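J.: Please find one structure pasted underneath; my questions will follow.
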Amino acid sequence: MQLIEKISERLEGDAYCRHFERRADSETLVINLGPQHPSTHGVLRIVAELDGEYVIRAEPVLGYIHRMHEKMGEVKSWWGFMPNMGRLDYLHAMAWNQAYICAVEKLAGIQVSERGEYLRTIAVELNRISSHLLWWGAYLLDLGAFTPIMYAFEDREILMDLLQQPTGQRLTYCYFRFGGVYADMTPATLAGIRDFVPYLRKRFPMYRDLVTGNYILRKRIEDIGVIDKDMCRRYGATGPVCRGSGINYDTRRNEPYSIYDRFDFDIPVYDTGCGMARYMVRFEEMEQSLRIVEQCLDQIDKSDGKHVAPKSPKPNYKAPAGEAYQAVEGSKGKIGVYVASDGKKNPYRVKLRSPSFCNLSLYAELAKGTLLPDALQILGSIDLVIPEIDR
Amino acid sequence: MSEVLKSLPVELIQLVVGLICLAALVGASAVLLVWMERKVAGHFQRRPGPFEVGPHGLLQTVADAAKLIGKQLATPRGADKILYWAAPFIAFLPVFVVMLPIPWGETLMALDVDLGLLLILAFSGMGVISLCLAGWGSNNKYGMLGAARAVSQSVAYEIPLLLSVLPIVFMTGSLSLSLVASVQGTWPWDWLVVRQPLAFFIYFVCAVAETNRAPFDLPEGESELTAGFHTEYSGMGFGLFFLAEYANMVVVSAVATTLFLGAWHGPGSDLLGGAVGVLWFMAKVVFLIFVMMWFRWTFPRVRFDQLLNIAWKWLIPLALINLLITAVLIPLWR
Amino acid sequence: MNAICKVKEVVTGMWSLVVGMRVTGQNFVRPQFTVHYPRKTEGLDWEGFRGHPMLVAKPKDPTKPKCIACMLCVTSCPSGCIKVVKAKAPAPSEEEMKAYEEAKAKAEAEGQEAPKPPKGKAPKEPGKWVVNYTMCSQCGTCAEVCPVKSITYSKQVNQAGYSRKDFDAIDCLALLREQAGQAATAEKDA
């Protein structure tokens with residue numbers, strides 16, 4: 001009996017909790033939010049010190065889904081590393097695909113066919129819409145509204161069915177290839193996408209009525225979790241987090257890549273920096289993505305080439321020596337992939353810059369002094385995908 | 001034997017038979033309400049809800065209850081055993097008492113006392129103790145947080161509840177529910193809701209908050225505190241809390257129906273010896289419960305301090321103003 | 001003024017709640033989005049569905065795959081989940097053995113080097129073609145790289161099994177023979 005009690009005493013809380021508790025007041029409560037969480041965040045653990053309902057300190061603990069992708073980059077071949085890119089941010093897998101493939105194309109000077117570029121853009125923007133829809137549903141689920149996630153999943157279902165024809169996958173896409181994409185989209189798929197655009201535009205007023213204008217939601221989100229420009233710059237927050245705080249930075253405009261300069265779309269920027277600003281930025285980004293998709297559909301028939309460039313690399317490809325970095329705009333922020341090669345059949349180094357990691361790093365400072373429900377709502381509004389953080 | 005039975009007062013027999021019927025009603029209503037909640041939730045979200053177990057999922061609750069009964073009754077280490085296991089019973093038992101004075105039909109009630117309303121309000125306050133004991137006895141930080149929230153929420157919303165019911169008492173001059181029911185007429189414009197709409201609104205909001213339903217369900221806030229005050233309960237302990245919540249919903253809707261929506265009155269309520277009146281009562285209760293479910297599946301949660309603000313800054317002043325107006329207007333009317 | 005603004009804000013807020021309830025109410029009466037699979041399957045589109053990798057049969061001989069055992073799929077699979085073993089050469093026939101023995105005896109008698117033993121020509125086909133589906137990432141590389149287009153993807157959407165053994169060594173040659181047998185019996189019945 002005594003031995004068992006002694007052991008259980010020593011196992012009270014793990015190393016992180018004990019380290020955290022060293023600086024804690026005796027009056028406060030130290031709790032773990034996660035890693036098993038009823039919210040749909042993923043395996044994120046936050047150790048928080050609470051004084052009643054107020055959060056005094058909050059520290060995220062990472063590593064529960066660390067799968068050594070960067071090590072796999074050194075062990076797998078150039079072609080073989082592609083499926084890993086779909087598993088990082090599985091909600092916007094196409095953007096990670098694009099970052100890696102474009103980095104290698106930059107390194108080796110591989111040409112991309114024009115039709116391939118249009119297909120890539122359609123896929124990335126549709127994927128962005130589905131990522132934002134899921135964020136929206138999950139955010140409201142955190143706040144206690146159980147229906148909007150179901151409506152969001154209805155729309156995502158249509159998108160996933162459309163993207164299943166060219167890619168063969170529903171979530172962890174591996175669609176991009178060196179010089180183009182895996183397969184062309186059939187006329188039926190393109191017609192389906194063309195029908196989807198007005199369908200989703202019709203759904204937005206319903207979402208606005210149900211959620212955005214809702215008094216309870218506005219009271220919970222407005223003026224809470226204000227991230228100012230200085231905090232964004234210090235932590236390197238990108239994507240809707242920085243655009244919701246007034247910083248007009250979008251990688252598609254500021255560091256142009258692919259064929260985004262051919263399209264006419266706006267970058268929504270809001271000044272207030274609160275949860276509502278980030279919410280509205282993402283909502284409007286969905287509308288802008290629809291505009292880009294429409295323009296792509298109009299221009300794709302005039303593009304030449306097939307879905308992949310002729311003489312594009314085969315699976316046993318070896319990139320020439322050198323290094324390259326490519327940044328793309330993912331739904332969470334700026335995705336960066338750095339590849340270094342020494343001419344062998346495996347990359348020498350693949351470094352993955354994930355936006356959620358930098359966005360999460362400002363949470364410890366942001367959550368100080370907030371109420372516990374607010375702290376969790378702020379976490380939802382930053383839009384994190386934990387597999388991307390832990391890689 | 002029959003002499004003993006004859007010497008017993010009629011009210012006692014009525015009470016005992018009533019209690020047995022009410023126990024059956026509580027069980028049946030819990031089963032039906034859980035099914036209804038899941039189906040209603042499904043249809044709001046454009047999906048079917050339970051469909052496989054029984055036709056259209058009717059036996060789903062029975063299957064769930066069988067599963068809950070079969071689970072291990074685990075007590076967490078360090079929990080206060082007496083308090084921990086007393087809490088579900090304290091949550092569940094007052095429900096029977098509270099259901100006694102409700103007039104289900106013109107002559108159909110278990111206990112016809114002059115102080116029916118007082119009985120209901122007094123015993124529904126006992127639910128607060130059970131929340132407190134559950135959270136404290138669990139030896140769990142989430143449980144304590146959830147219990148603290150639940151207790152402050154329940155206590156804060158008791159006051160506007162009482163204040164919104166008082167105008168009805170003023171108007172009818174009695175605390176007896178059967179009298180309040182008989183004062184109202186057959187058609188909707190004869191019901192008391194027309195004369196006290198604000199009181200009905202305040203009462204309904206407080207009722208939703210007292211039963212810990214969304215948008216006021218922060219104590220059991222699933223996405224924040226795992227399950228609030230009933231995190232550590234498994235099996236039948238959780239089942240009893242669950243049953244108590246649904247039974248409380250029925251009680252609160254039944255009281256609202258009696259006081260505001262004309263109880264068993266409705267076109268044709270005299271037919272079949274009052275049986276149609278009972279059906280009208282049930283229909284109104286089910287309608288109010290449906291509205292509560294509608295709220296749950298539409299609105300996000302109200303934050304805790306905002307919740308208390310609503311009670312103190314809006315509902316209590318409004319209820320007091322309503323009371324004042326009623327108190328001034330009644331002598332003028334007479 | 002402040003109090004009036006506040007009251008106005010609350011009233012518009014309450015109205016927004018009613019509007020939200022109307023939206024859910026409208027969705028309550030609309031038909032369901034769910035398809036009651038497997039009782040109903042209309043509206044479900046499985047084009048492009050990718051199951052586990054499968055071999056494509058030769059048009060003239062449905063029990064044999066088009067595969068030439070070039071091992072390109074094995075080397076390019078990112079997860080290394082395909083295992084291919086080339087078919088062995090068949091044992092030499094009796095006449096060949098007799099001819100070899102005679103030639104050997106003749107060479108020994110004349111003091112020349114003994115001729116090499118007869119070796120059958122290994123056919124260009126796989127003797128074993130197994131895929132470990134538990135490691136497959138469904139990237140599409142194997143079908144893309146096969147020079148004779150011998151790999152396709154299973155269209156069986158409701159594949160299920162009781163243990164890992166049902167998935168970690170899918171014998172595609174056996175599957176092919178099963179399919180050929182089913183096709184043959186279907187033709188016989190028709």
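Ligands are numbered from 1 in the order shown, residues from 1 within each chain, and chains are lettered A, B, ... in the order they appear in the structure tokens.
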Output the contact residues of chain C with respect to chain A at a cut-off of 7 Å, based on only C-alpha atoms, as a PyMOL selection string.
T.: chain C and resi 13+16-17+19-20+23+47-50+76-78+137+139
J.: Give one line per residue of chain C that approaches chain B to at most 12 Å, naming the two atoms of the closest pair and their distance in Å to one decimal, counting only C-alpha atoms; sort by chain then ascending residue number and deliver it as a Markdown table.
T.:
```
| residue | atom | partner | partner_atom | distance |
| --- | --- | --- | --- | --- |
| C:Lys6 | CA | B:Trp314 | CA | 11.4 |
| C:Val7 | CA | B:Trp314 | CA | 10.3 |
| C:Val10 | CA | B:Trp314 | CA | 10.1 |
| C:Met14 | CA | B:Phe299 | CA | 11.8 |
| C:Ser16 | CA | B:Phe299 | CA | 10.7 |
| C:Leu17 | CA | B:Phe299 | CA | 7.8 |
| C:Val18 | CA | B:Phe295 | CA | 9.9 |
| C:Val19 | CA | B:Thr298 | CA | 10.4 |
| C:Gly20 | CA | B:Thr298 | CA | 6.8 |
| C:Met21 | CA | B:Thr298 | CA | 6.3 |
| C:Arg22 | CA | B:Thr298 | CA | 9.5 |
| C:Val23 | CA | B:Thr298 | CA | 8.7 |
| C:Thr24 | CA | B:Phe44 | CA | 5.9 |
| C:Gly25 | CA | B:Phe44 | CA | 7.1 |
| C:Gln26 | CA | B:Phe44 | CA | 8.5 |
| C:Asn27 | CA | B:Phe44 | CA | 5.8 |
| C:Phe28 | CA | B:Phe44 | CA | 4.4 |
| C:Val29 | CA | B:His43 | CA | 7.6 |
| C:Arg30 | CA | B:Arg46 | CA | 7.2 |
| C:Pro31 | CA | B:Arg46 | CA | 6.8 |
| C:Gln32 | CA | B:Arg46 | CA | 4.5 |
| C:Phe33 | CA | B:Arg46 | CA | 5.6 |
| C:Thr34 | CA | B:Arg47 | CA | 5.4 |
| C:Val35 | CA | B:Arg47 | CA | 8.8 |
| C:His36 | CA | B:Pro48 | CA | 8.7 |
| C:Tyr37 | CA | B:Phe51 | CA | 11.8 |
| C:Arg39 | CA | B:Glu52 | CA | 11.7 |
```
J.: With C-alpha atoms retained, write the just-selected residues as a PDB file, in the first residue's frame.
T.:
```pdb
ATOM      1  CA  LYS C   6     -27.644  50.541 -25.324  1.00  0.00           C
ATOM      2  CA  VAL C   7     -31.300  49.608 -25.474  1.00  0.00           C
ATOM      3  CA  VAL C  10     -29.969  45.043 -27.221  1.00  0.00           C
ATOM      4  CA  MET C  14     -32.440  40.110 -29.889  1.00  0.00           C
ATOM      5  CA  SER C  16     -30.501  38.896 -34.780  1.00  0.00           C
ATOM      6  CA  LEU C  17     -31.171  35.908 -32.534  1.00  0.00           C
ATOM      7  CA  VAL C  18     -34.639  35.514 -34.002  1.00  0.00           C
ATOM      8  CA  VAL C  19     -33.171  35.703 -37.512  1.00  0.00           C
ATOM      9  CA  GLY C  20     -30.724  32.963 -36.592  1.00  0.00           C
ATOM     10  CA  MET C  21     -33.551  30.800 -35.327  1.00  0.00           C
ATOM     11  CA  ARG C  22     -35.389  31.308 -38.576  1.00  0.00           C
ATOM     12  CA  VAL C  23     -32.345  30.006 -40.497  1.00  0.00           C
ATOM     13  CA  THR C  24     -32.182  26.816 -38.451  1.00  0.00           C
ATOM     14  CA  GLY C  25     -35.940  26.490 -38.646  1.00  0.00           C
ATOM     15  CA  GLN C  26     -35.786  26.626 -42.429  1.00  0.00           C
ATOM     16  CA  ASN C  27     -33.075  23.989 -42.449  1.00  0.00           C
ATOM     17  CA  PHE C  28     -35.208  21.837 -40.170  1.00  0.00           C
ATOM     18  CA  VAL C  29     -37.856  21.377 -42.827  1.00  0.00           C
ATOM     19  CA  ARG C  30     -35.502  20.944 -45.771  1.00  0.00           C
ATOM     20  CA  PRO C  31     -34.633  17.387 -46.918  1.00  0.00           C
ATOM     21  CA  GLN C  32     -31.618  15.695 -45.452  1.00  0.00           C
ATOM     22  CA  PHE C  33     -28.215  15.952 -47.006  1.00  0.00           C
ATOM     23  CA  THR C  34     -27.211  12.510 -45.784  1.00  0.00           C
ATOM     24  CA  VAL C  35     -27.429   9.596 -48.188  1.00  0.00           C
ATOM     25  CA  HIS C  36     -28.692   6.497 -46.370  1.00  0.00           C
ATOM     26  CA  TYR C  37     -25.855   4.290 -47.523  1.00  0.00           C
ATOM     27  CA  ARG C  39     -29.707   1.301 -48.567  1.00  0.00           C
TER      28      ARG C  39
END
```
J.: Could you name the residues that touch A:Ile46 at 8 Å or less, counting only C-alpha atoms, but leaving out those on the same chain fewer than 3 positions away, as JSON, numbers by chain?
T.: {"A": [32, 33, 34, 35, 58, 59, 60, 61]}
J.: Applying 10 Å and only C-alpha atoms, which residues near C:Glu101 remain after dropping the ones on its own chain fewer than 6 positions away? List them as a count of residues only.
T.: 5
J.: Just give me the gap between atom CA of B:Asp305 and atom CA of B:Ala86 in Å, one decimal is fine.
T.: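 Computed distance, atom CA of B:Asp305 to atom CA of B:Ala86, equals 29.5 Å.
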J.: Within stretch 40-148 of chain C, find each residue whose DSSP state, derived from the backbone, is strand (DSSP E), and express the selection as a ChimeraX atom specification.
T.: /C:53-55,82-86,126-131
J.: Enumerate as a PyMOL selection string the residues belonging to chain A that approach chain B to within 8 Å, with only C-alpha atoms taken into account.
T.: chain A and resi 29+31+37-39+140-147+150-151+210+216-217+220+373+376
J.: Restricted to N, CA and C atoms, what would the selected residues look like written as an mmCIF file, in the first residue's frame?
T.:
```
data_model
loop_
_atom_site.group_PDB
_atom_site.id
_atom_site.type_symbol
_atom_site.label_atom_id
_atom_site.label_comp_id
_atom_site.auth_asym_id
_atom_site.auth_seq_id
_atom_site.Cartn_x
_atom_site.Cartn_y
_atom_site.Cartn_z
ATOM 1 N N LEU A 29 -4.770 27.793 -9.500
ATOM 2 C CA LEU A 29 -5.047 26.429 -9.940
ATOM 3 C C LEU A 29 -4.279 26.197 -11.237
ATOM 4 N N ILE A 31 -4.039 23.891 -14.413
ATOM 5 C CA ILE A 31 -4.744 22.820 -15.130
ATOM 6 C C ILE A 31 -4.143 22.624 -16.512
ATOM 7 N N HIS A 37 -8.628 16.759 -26.082
ATOM 8 C CA HIS A 37 -9.466 17.932 -25.971
ATOM 9 C C HIS A 37 -10.763 17.689 -26.684
ATOM 10 N N PRO A 38 -11.891 18.071 -26.075
ATOM 11 C CA PRO A 38 -13.140 17.936 -26.823
ATOM 12 C C PRO A 38 -13.209 18.894 -27.994
ATOM 13 N N SER A 39 -12.377 19.941 -27.975
ATOM 14 C CA SER A 39 -12.355 20.833 -29.130
ATOM 15 C C SER A 39 -11.647 20.156 -30.275
ATOM 16 N N LEU A 140 -16.921 27.677 -34.310
ATOM 17 C CA LEU A 140 -18.220 27.814 -33.682
ATOM 18 C C LEU A 140 -18.532 26.647 -32.778
ATOM 19 N N LEU A 141 -17.964 25.474 -33.086
ATOM 20 C CA LEU A 141 -18.156 24.342 -32.198
ATOM 21 C C LEU A 141 -17.494 24.607 -30.856
ATOM 22 N N ASP A 142 -16.318 25.249 -30.902
ATOM 23 C CA ASP A 142 -15.665 25.649 -29.652
ATOM 24 C C ASP A 142 -16.538 26.581 -28.847
ATOM 25 N N LEU A 143 -17.228 27.480 -29.569
ATOM 26 C CA LEU A 143 -18.040 28.462 -28.858
ATOM 27 C C LEU A 143 -19.379 27.900 -28.419
ATOM 28 N N GLY A 144 -19.713 26.703 -28.846
ATOM 29 C CA GLY A 144 -20.928 26.090 -28.345
ATOM 30 C C GLY A 144 -22.069 26.014 -29.327
ATOM 31 N N ALA A 145 -21.884 26.472 -30.563
ATOM 32 C CA ALA A 145 -22.948 26.343 -31.554
ATOM 33 C C ALA A 145 -22.693 25.077 -32.346
ATOM 34 N N PHE A 146 -23.616 24.141 -32.266
ATOM 35 C CA PHE A 146 -23.332 22.831 -32.845
ATOM 36 C C PHE A 146 -23.768 22.686 -34.286
ATOM 37 N N THR A 147 -24.581 23.586 -34.827
ATOM 38 C CA THR A 147 -25.063 23.393 -36.190
ATOM 39 C C THR A 147 -24.164 23.925 -37.286
ATOM 40 N N MET A 150 -22.021 21.517 -39.213
ATOM 41 C CA MET A 150 -22.664 20.577 -40.119
ATOM 42 C C MET A 150 -22.949 21.216 -41.453
ATOM 43 N N TYR A 151 -23.346 22.484 -41.432
ATOM 44 C CA TYR A 151 -23.589 23.168 -42.701
ATOM 45 C C TYR A 151 -22.287 23.335 -43.465
ATOM 46 N N LEU A 210 -27.043 33.443 -39.732
ATOM 47 C CA LEU A 210 -27.038 32.512 -38.612
ATOM 48 C C LEU A 210 -25.944 32.846 -37.623
ATOM 49 N N ILE A 216 -24.990 37.017 -29.686
ATOM 50 C CA ILE A 216 -24.193 36.302 -28.690
ATOM 51 C C ILE A 216 -22.774 36.117 -29.208
ATOM 52 N N LEU A 217 -22.649 35.768 -30.498
ATOM 53 C CA LEU A 217 -21.317 35.560 -31.051
ATOM 54 C C LEU A 217 -20.528 36.849 -31.059
ATOM 55 N N ARG A 220 -19.051 37.703 -27.893
ATOM 56 C CA ARG A 220 -17.945 36.845 -27.448
ATOM 57 C C ARG A 220 -16.672 37.102 -28.218
ATOM 58 N N PRO A 373 -12.844 31.103 -20.856
ATOM 59 C CA PRO A 373 -13.544 30.915 -22.133
ATOM 60 C C PRO A 373 -12.946 31.783 -23.234
ATOM 61 N N LEU A 376 -9.753 30.232 -24.701
ATOM 62 C CA LEU A 376 -10.007 29.152 -25.653
ATOM 63 C C LEU A 376 -10.556 29.674 -26.956
#
```
J.: Taking the backbone alone, and naming residues the way the document does, which bits of stretch 90-156 of chain B are alpha helix (DSSP H) by DSSP, as a VMD selection string?
T.: chain B and resid 90 to 92 94 to 99 116 to 124 127 to 137 141 to 156
J.: With N, CA and C atoms retained, write the just-selected residues as a short mmCIF file (atom, residue, chain, number, x, y, z; two decimals), in the first residue's frame.
T.:
```cif
data_model
loop_
_atom_site.label_atom_id
_atom_site.label_comp_id
_atom_site.auth_asym_id
_atom_site.auth_seq_id
_atom_site.Cartn_x
_atom_site.Cartn_y
_atom_site.Cartn_z
N ILE B 90 -29.48 13.47 -5.10
CA ILE B 90 -30.08 14.75 -4.72
C ILE B 90 -30.54 15.51 -5.96
N ALA B 91 -29.86 15.27 -7.10
CA ALA B 91 -30.33 15.92 -8.32
C ALA B 91 -31.63 15.32 -8.80
N PHE B 92 -31.77 14.03 -8.56
CA PHE B 92 -32.87 13.32 -9.19
C PHE B 92 -34.13 13.29 -8.35
N PRO B 94 -35.67 15.37 -6.03
CA PRO B 94 -36.65 16.45 -5.93
C PRO B 94 -37.57 16.54 -7.13
N VAL B 95 -37.19 15.95 -8.24
CA VAL B 95 -38.04 16.03 -9.42
C VAL B 95 -39.41 15.46 -9.14
N PHE B 96 -39.46 14.37 -8.36
CA PHE B 96 -40.77 13.77 -8.08
C PHE B 96 -41.65 14.71 -7.28
N VAL B 97 -41.03 15.36 -6.28
CA VAL B 97 -41.82 16.27 -5.46
C VAL B 97 -42.34 17.43 -6.29
N VAL B 98 -41.45 17.92 -7.19
CA VAL B 98 -41.80 19.10 -7.95
C VAL B 98 -42.93 18.80 -8.93
N MET B 99 -43.02 17.55 -9.37
CA MET B 99 -44.07 17.24 -10.34
C MET B 99 -45.43 17.05 -9.71
N GLY B 116 -49.03 25.15 -4.18
CA GLY B 116 -48.33 24.37 -5.19
C GLY B 116 -47.12 25.07 -5.76
N LEU B 117 -47.29 26.34 -6.08
CA LEU B 117 -46.19 27.07 -6.70
C LEU B 117 -45.02 27.20 -5.75
N LEU B 118 -45.31 27.43 -4.48
CA LEU B 118 -44.23 27.55 -3.50
C LEU B 118 -43.47 26.25 -3.38
N LEU B 119 -44.22 25.14 -3.40
CA LEU B 119 -43.57 23.83 -3.33
C LEU B 119 -42.60 23.65 -4.48
N ILE B 120 -43.06 24.02 -5.68
CA ILE B 120 -42.20 23.83 -6.86
C ILE B 120 -40.95 24.68 -6.74
N LEU B 121 -41.12 25.95 -6.42
CA LEU B 121 -39.96 26.83 -6.40
C LEU B 121 -38.99 26.43 -5.30
N ALA B 122 -39.53 25.97 -4.17
CA ALA B 122 -38.62 25.59 -3.07
C ALA B 122 -37.79 24.38 -3.45
N PHE B 123 -38.45 23.36 -3.99
CA PHE B 123 -37.70 22.14 -4.25
C PHE B 123 -36.83 22.22 -5.48
N SER B 124 -37.14 23.11 -6.41
CA SER B 124 -36.22 23.19 -7.56
C SER B 124 -34.93 23.87 -7.15
N GLY B 127 -31.70 21.56 -6.50
CA GLY B 127 -30.78 21.09 -7.53
C GLY B 127 -29.41 21.72 -7.41
N VAL B 128 -29.37 22.90 -6.84
CA VAL B 128 -28.09 23.61 -6.72
C VAL B 128 -27.13 22.84 -5.83
N ILE B 129 -27.69 22.25 -4.74
CA ILE B 129 -26.82 21.51 -3.81
C ILE B 129 -26.15 20.36 -4.56
N SER B 130 -26.93 19.70 -5.41
CA SER B 130 -26.35 18.53 -6.07
C SER B 130 -25.20 18.93 -6.97
N LEU B 131 -25.31 20.08 -7.65
CA LEU B 131 -24.21 20.53 -8.51
C LEU B 131 -22.96 20.77 -7.68
N CYS B 132 -23.19 21.43 -6.53
CA CYS B 132 -22.07 21.76 -5.66
C CYS B 132 -21.38 20.50 -5.18
N LEU B 133 -22.17 19.54 -4.71
CA LEU B 133 -21.58 18.31 -4.17
C LEU B 133 -20.88 17.52 -5.25
N ALA B 134 -21.47 17.51 -6.44
CA ALA B 134 -20.85 16.75 -7.53
C ALA B 134 -19.48 17.31 -7.86
N GLY B 135 -19.39 18.61 -7.99
CA GLY B 135 -18.11 19.20 -8.34
C GLY B 135 -17.09 19.05 -7.23
N TRP B 136 -17.51 19.29 -6.01
CA TRP B 136 -16.56 19.22 -4.90
C TRP B 136 -16.13 17.80 -4.64
N GLY B 137 -17.10 16.88 -4.68
CA GLY B 137 -16.78 15.51 -4.33
C GLY B 137 -15.98 14.77 -5.38
N LYS B 141 -10.18 19.11 -10.89
CA LYS B 141 -10.15 20.58 -11.05
C LYS B 141 -11.24 21.05 -12.00
N TYR B 142 -11.45 20.28 -13.09
CA TYR B 142 -12.51 20.70 -14.02
C TYR B 142 -13.85 20.65 -13.32
N GLY B 143 -14.05 19.62 -12.51
CA GLY B 143 -15.32 19.50 -11.80
C GLY B 143 -15.57 20.68 -10.90
N MET B 144 -14.51 21.11 -10.19
CA MET B 144 -14.71 22.23 -9.26
C MET B 144 -15.03 23.51 -10.01
N LEU B 145 -14.31 23.73 -11.14
CA LEU B 145 -14.59 24.93 -11.93
C LEU B 145 -16.03 24.90 -12.42
N GLY B 146 -16.43 23.75 -12.95
CA GLY B 146 -17.79 23.64 -13.46
C GLY B 146 -18.82 23.81 -12.38
N ALA B 147 -18.55 23.26 -11.20
CA ALA B 147 -19.52 23.37 -10.12
C ALA B 147 -19.64 24.81 -9.64
N ALA B 148 -18.50 25.51 -9.55
CA ALA B 148 -18.55 26.90 -9.11
C ALA B 148 -19.41 27.72 -10.08
N ARG B 149 -19.17 27.49 -11.39
CA ARG B 149 -19.98 28.22 -12.36
C ARG B 149 -21.44 27.86 -12.25
N ALA B 150 -21.71 26.56 -12.10
CA ALA B 150 -23.11 26.13 -12.09
C ALA B 150 -23.85 26.71 -10.90
N VAL B 151 -23.18 26.73 -9.75
CA VAL B 151 -23.84 27.24 -8.56
C VAL B 151 -24.16 28.71 -8.71
N SER B 152 -23.17 29.51 -9.17
CA SER B 152 -23.46 30.94 -9.30
C SER B 152 -24.53 31.19 -10.35
N GLN B 153 -24.52 30.38 -11.40
CA GLN B 153 -25.54 30.58 -12.42
C GLN B 153 -26.92 30.27 -11.87
N SER B 154 -27.06 29.14 -11.18
CA SER B 154 -28.37 28.76 -10.67
C SER B 154 -28.88 29.79 -9.67
N VAL B 155 -28.01 30.21 -8.76
CA VAL B 155 -28.45 31.16 -7.73
C VAL B 155 -28.84 32.49 -8.36
N ALA B 156 -28.06 32.92 -9.36
CA ALA B 156 -28.36 34.22 -9.97
C ALA B 156 -29.69 34.20 -10.69
#
```
J.: Can you tell me, as a PDB file with C-alpha atoms, in the first residue's frame, what residues are no more than 9 Å from A:Arg291 when counting only C-alpha atoms, ignoring any on the same chain fewer than 3 positions away?
T.:
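Below is the file part09.pdb, written as the result:
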```
ATOM      1  CA  VAL A 197     -19.207  28.892 -57.242  1.00  0.00           C
ATOM      2  CA  PHE A 263      -6.017  37.416 -61.655  1.00  0.00           C
ATOM      3  CA  ASP A 264      -7.960  40.290 -60.210  1.00  0.00           C
ATOM      4  CA  PHE A 265      -8.654  39.730 -56.523  1.00  0.00           C
ATOM      5  CA  MET A 286     -13.361  32.634 -49.229  1.00  0.00           C
ATOM      6  CA  GLU A 287     -15.217  35.057 -51.478  1.00  0.00           C
ATOM      7  CA  GLN A 288     -11.953  36.196 -53.104  1.00  0.00           C
ATOM      8  CA  GLU A 294     -14.032  31.810 -61.670  1.00  0.00           C
ATOM      9  CA  GLN A 295     -11.296  33.621 -63.552  1.00  0.00           C
ATOM     10  CA  CYS A 296      -9.260  30.430 -63.798  1.00  0.00           C
TER      11      CYS A 296
END
```
J.: Please compute the atom CA of A:Ser289-atom CA of A:Gly179 distance, one decimal, in Å.
T.: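 Going from atom CA of A:Ser289 over to atom CA of A:Gly179, I get 23.4 Å.
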J.: Write out as a ChimeraX atom specification the residues lying within 12 Å of C:Asp166, counting only C-alpha atoms and excluding same-chain residues fewer than 2 positions away.
T.: /C:52,131-134,159-164,168-171
J.: Excluding same-chain residues fewer than 4 positions from B:Thr107, what lies within 9 Å of it counting only C-alpha atoms, as a list in words?
T.: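 Near neighbours after the sequence-gap exclusion: Pro103, Ser178 and Gly274 of chain B.
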J.: Could you dump the residues just selected with N, CA and C atoms as a PDB file, in the first residue's frame?
T.:
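Below is the file result14.pdb, written as the result:
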```
ATOM      1  N   PRO B 103     -51.096  20.545 -12.563  1.00  0.00           N
ATOM      2  CA  PRO B 103     -52.407  20.071 -13.047  1.00  0.00           C
ATOM      3  C   PRO B 103     -52.315  19.594 -14.483  1.00  0.00           C
ATOM      4  N   SER B 178     -53.762  24.800  -9.674  1.00  0.00           N
ATOM      5  CA  SER B 178     -55.039  24.425 -10.302  1.00  0.00           C
ATOM      6  C   SER B 178     -55.943  25.650 -10.425  1.00  0.00           C
ATOM      7  N   GLY B 274     -62.337  15.231 -20.342  1.00  0.00           N
ATOM      8  CA  GLY B 274     -61.099  15.916 -19.961  1.00  0.00           C
ATOM      9  C   GLY B 274     -59.852  15.320 -20.556  1.00  0.00           C
TER      10      GLY B 274
END
```
